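Undergrad: Take this structure first; my questions come after.
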Amino acid sequence: MKNKTADVNNLLRKLSKEDISGYEFVNYWDGDTTAIGLKKRNVLIYISTFDFSQTGHYDIIMEEFETGEILRERFNISYTELVADLQGL
């Protein structure tokens, strides 16, 4: 994506090779160059790569799309943990 950091674009390339069918990539955060979103059914997942180059980890927030209710938050997780969360939804 043009307006995103290299870390986001690298994450998108890696995720495209994973078995996470049913997700739609969304970008509701144009001003946040370090984040991307995924949507599956009525769940929106915000994935942040902020400080990825320092930590090698991600932060995610899963919320109910229509109400914005936070379903789950995880911080400082590995790529493997991120994929497991996505596959478990």
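Labels for the structure tokens follow display order: chains A, B, ..., residues from 1 in each chain, ligands from 1.
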Find the residues around range 31-46 of chain A up to 8 Å (only C-alpha atoms counted), leave out those fewer than 4 positions away in its own chain, and share them as a PyMOL selection string.
TA: chain A and resi 3-5+7-8+22-27+50+60-66
Undergrad: For the selection you just gave me, I'd like the residues written to a file as an mmCIF file, in the first residue's frame, keeping C-alpha atoms.
TA:
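Contents of the output file result.cif:
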```cif
data_model
loop_
_atom_site.group_PDB
_atom_site.id
_atom_site.type_symbol
_atom_site.label_atom_id
_atom_site.label_comp_id
_atom_site.auth_asym_id
_atom_site.auth_seq_id
_atom_site.Cartn_x
_atom_site.Cartn_y
_atom_site.Cartn_z
ATOM 1 C CA ASN A 3 0.744 5.289 2.185
ATOM 2 C CA LYS A 4 2.002 2.596 4.583
ATOM 3 C CA THR A 5 5.419 1.821 6.029
ATOM 4 C CA ASP A 7 6.812 -2.943 7.922
ATOM 5 C CA VAL A 8 3.102 -2.904 7.011
ATOM 6 C CA GLY A 22 -12.334 -15.144 4.672
ATOM 7 C CA TYR A 23 -10.518 -11.940 5.562
ATOM 8 C CA GLU A 24 -10.767 -8.674 3.695
ATOM 9 C CA PHE A 25 -7.947 -6.141 3.957
ATOM 10 C CA VAL A 26 -9.322 -2.745 4.992
ATOM 11 C CA ASN A 27 -7.669 0.606 5.548
ATOM 12 C CA PHE A 50 4.494 0.628 15.445
ATOM 13 C CA ILE A 60 -3.779 -6.052 17.669
ATOM 14 C CA ILE A 61 -7.229 -4.900 18.647
ATOM 15 C CA MET A 62 -10.265 -6.957 17.658
ATOM 16 C CA GLU A 63 -13.600 -5.207 17.777
ATOM 17 C CA GLU A 64 -17.208 -5.728 16.793
ATOM 18 C CA PHE A 65 -17.504 -3.762 13.556
ATOM 19 C CA GLU A 66 -20.931 -2.201 14.037
#
```
Undergrad: I need the residues in chain A that are helix (DSSP H, G or I) according to DSSP; give them as a ChimeraX atom specification.
TA: /A:6-15,52-55,79-87
Undergrad: Output N, CA and C atoms for every residue in that selection, as an mmCIF file, in the first residue's frame.
TA:
```cif
data_model
loop_
_atom_site.group_PDB
_atom_site.id
_atom_site.type_symbol
_atom_site.label_atom_id
_atom_site.label_comp_id
_atom_site.auth_asym_id
_atom_site.auth_seq_id
_atom_site.Cartn_x
_atom_site.Cartn_y
_atom_site.Cartn_z
ATOM 1 N N ALA A 6 7.139 0.325 5.294
ATOM 2 C CA ALA A 6 7.682 -0.941 4.783
ATOM 3 C C ALA A 6 7.280 -2.103 5.683
ATOM 4 N N ASP A 7 7.210 -1.872 7.000
ATOM 5 C CA ASP A 7 6.812 -2.943 7.922
ATOM 6 C C ASP A 7 5.394 -3.428 7.636
ATOM 7 N N VAL A 8 4.477 -2.512 7.347
ATOM 8 C CA VAL A 8 3.102 -2.904 7.011
ATOM 9 C C VAL A 8 3.089 -3.682 5.707
ATOM 10 N N ASN A 9 3.784 -3.190 4.710
ATOM 11 C CA ASN A 9 3.802 -3.875 3.417
ATOM 12 C C ASN A 9 4.456 -5.249 3.509
ATOM 13 N N ASN A 10 5.490 -5.376 4.307
ATOM 14 C CA ASN A 10 6.106 -6.696 4.523
ATOM 15 C C ASN A 10 5.130 -7.636 5.221
ATOM 16 N N LEU A 11 4.403 -7.122 6.206
ATOM 17 C CA LEU A 11 3.402 -7.936 6.897
ATOM 18 C C LEU A 11 2.324 -8.401 5.922
ATOM 19 N N LEU A 12 1.855 -7.522 5.065
ATOM 20 C CA LEU A 12 0.827 -7.896 4.086
ATOM 21 C C LEU A 12 1.325 -9.005 3.163
ATOM 22 N N ARG A 13 2.574 -8.902 2.732
ATOM 23 C CA ARG A 13 3.144 -9.951 1.869
ATOM 24 C C ARG A 13 3.196 -11.291 2.606
ATOM 25 N N LYS A 14 3.623 -11.266 3.864
ATOM 26 C CA LYS A 14 3.700 -12.505 4.644
ATOM 27 C C LYS A 14 2.312 -13.092 4.883
ATOM 28 N N LEU A 15 1.354 -12.242 5.237
ATOM 29 C CA LEU A 15 -0.001 -12.730 5.506
ATOM 30 C C LEU A 15 -0.657 -13.315 4.259
ATOM 31 N N PHE A 52 7.811 -1.985 15.326
ATOM 32 C CA PHE A 52 8.170 -3.332 14.882
ATOM 33 C C PHE A 52 9.676 -3.446 14.638
ATOM 34 N N SER A 53 10.254 -2.412 14.041
ATOM 35 C CA SER A 53 11.690 -2.481 13.740
ATOM 36 C C SER A 53 12.536 -2.578 15.013
ATOM 37 N N GLN A 54 11.998 -2.121 16.141
ATOM 38 C CA GLN A 54 12.711 -2.204 17.421
ATOM 39 C C GLN A 54 12.415 -3.512 18.160
ATOM 40 N N THR A 55 11.143 -3.953 18.097
ATOM 41 C CA THR A 55 10.710 -5.081 18.935
ATOM 42 C C THR A 55 10.475 -6.376 18.173
ATOM 43 N N TYR A 79 4.783 -12.741 15.202
ATOM 44 C CA TYR A 79 4.073 -13.036 13.954
ATOM 45 C C TYR A 79 3.310 -14.352 14.079
ATOM 46 N N THR A 80 3.923 -15.358 14.675
ATOM 47 C CA THR A 80 3.271 -16.659 14.851
ATOM 48 C C THR A 80 2.003 -16.525 15.685
ATOM 49 N N GLU A 81 2.065 -15.737 16.752
ATOM 50 C CA GLU A 81 0.880 -15.509 17.588
ATOM 51 C C GLU A 81 -0.198 -14.747 16.820
ATOM 52 N N LEU A 82 0.214 -13.787 16.018
ATOM 53 C CA LEU A 82 -0.729 -13.027 15.197
ATOM 54 C C LEU A 82 -1.482 -13.952 14.250
ATOM 55 N N VAL A 83 -0.758 -14.788 13.537
ATOM 56 C CA VAL A 83 -1.387 -15.718 12.592
ATOM 57 C C VAL A 83 -2.317 -16.679 13.328
ATOM 58 N N ALA A 84 -1.898 -17.180 14.471
ATOM 59 C CA ALA A 84 -2.748 -18.091 15.251
ATOM 60 C C ALA A 84 -4.046 -17.402 15.659
ATOM 61 N N ASP A 85 -3.970 -16.145 16.065
ATOM 62 C CA ASP A 85 -5.182 -15.396 16.414
ATOM 63 C C ASP A 85 -6.099 -15.250 15.205
ATOM 64 N N LEU A 86 -5.526 -14.949 14.059
ATOM 65 C CA LEU A 86 -6.329 -14.783 12.847
ATOM 66 C C LEU A 86 -6.966 -16.101 12.423
ATOM 67 N N GLN A 87 -6.230 -17.184 12.528
ATOM 68 C CA GLN A 87 -6.767 -18.485 12.148
ATOM 69 C C GLN A 87 -7.825 -18.961 13.125
#
```
Undergrad: Any chance you could list, as a VMD selection string, the residues in range 15-47 of chain A that come up strand (DSSP E) when DSSP is run on the backbone?
TA: chain A and resid 24 to 26 35 to 40 43 to 47
Undergrad: Find the residue from A:Lys2, A:Leu89, A:Asp51, A:Glu69 that sits nearest to Ser21 in chain A; use only C-alpha atoms when measuring.
TA: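 Of all the options, A:Leu89 lies closest to Ser21 in chain A.
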Undergrad: CA of Trp29 in chain A and CA of Ile47 in chain A, how far apart in Å?
TA: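 Spanning CA of Ile47 in chain A to CA of Trp29 in chain A is a straight-line distance of 10.6 Å.
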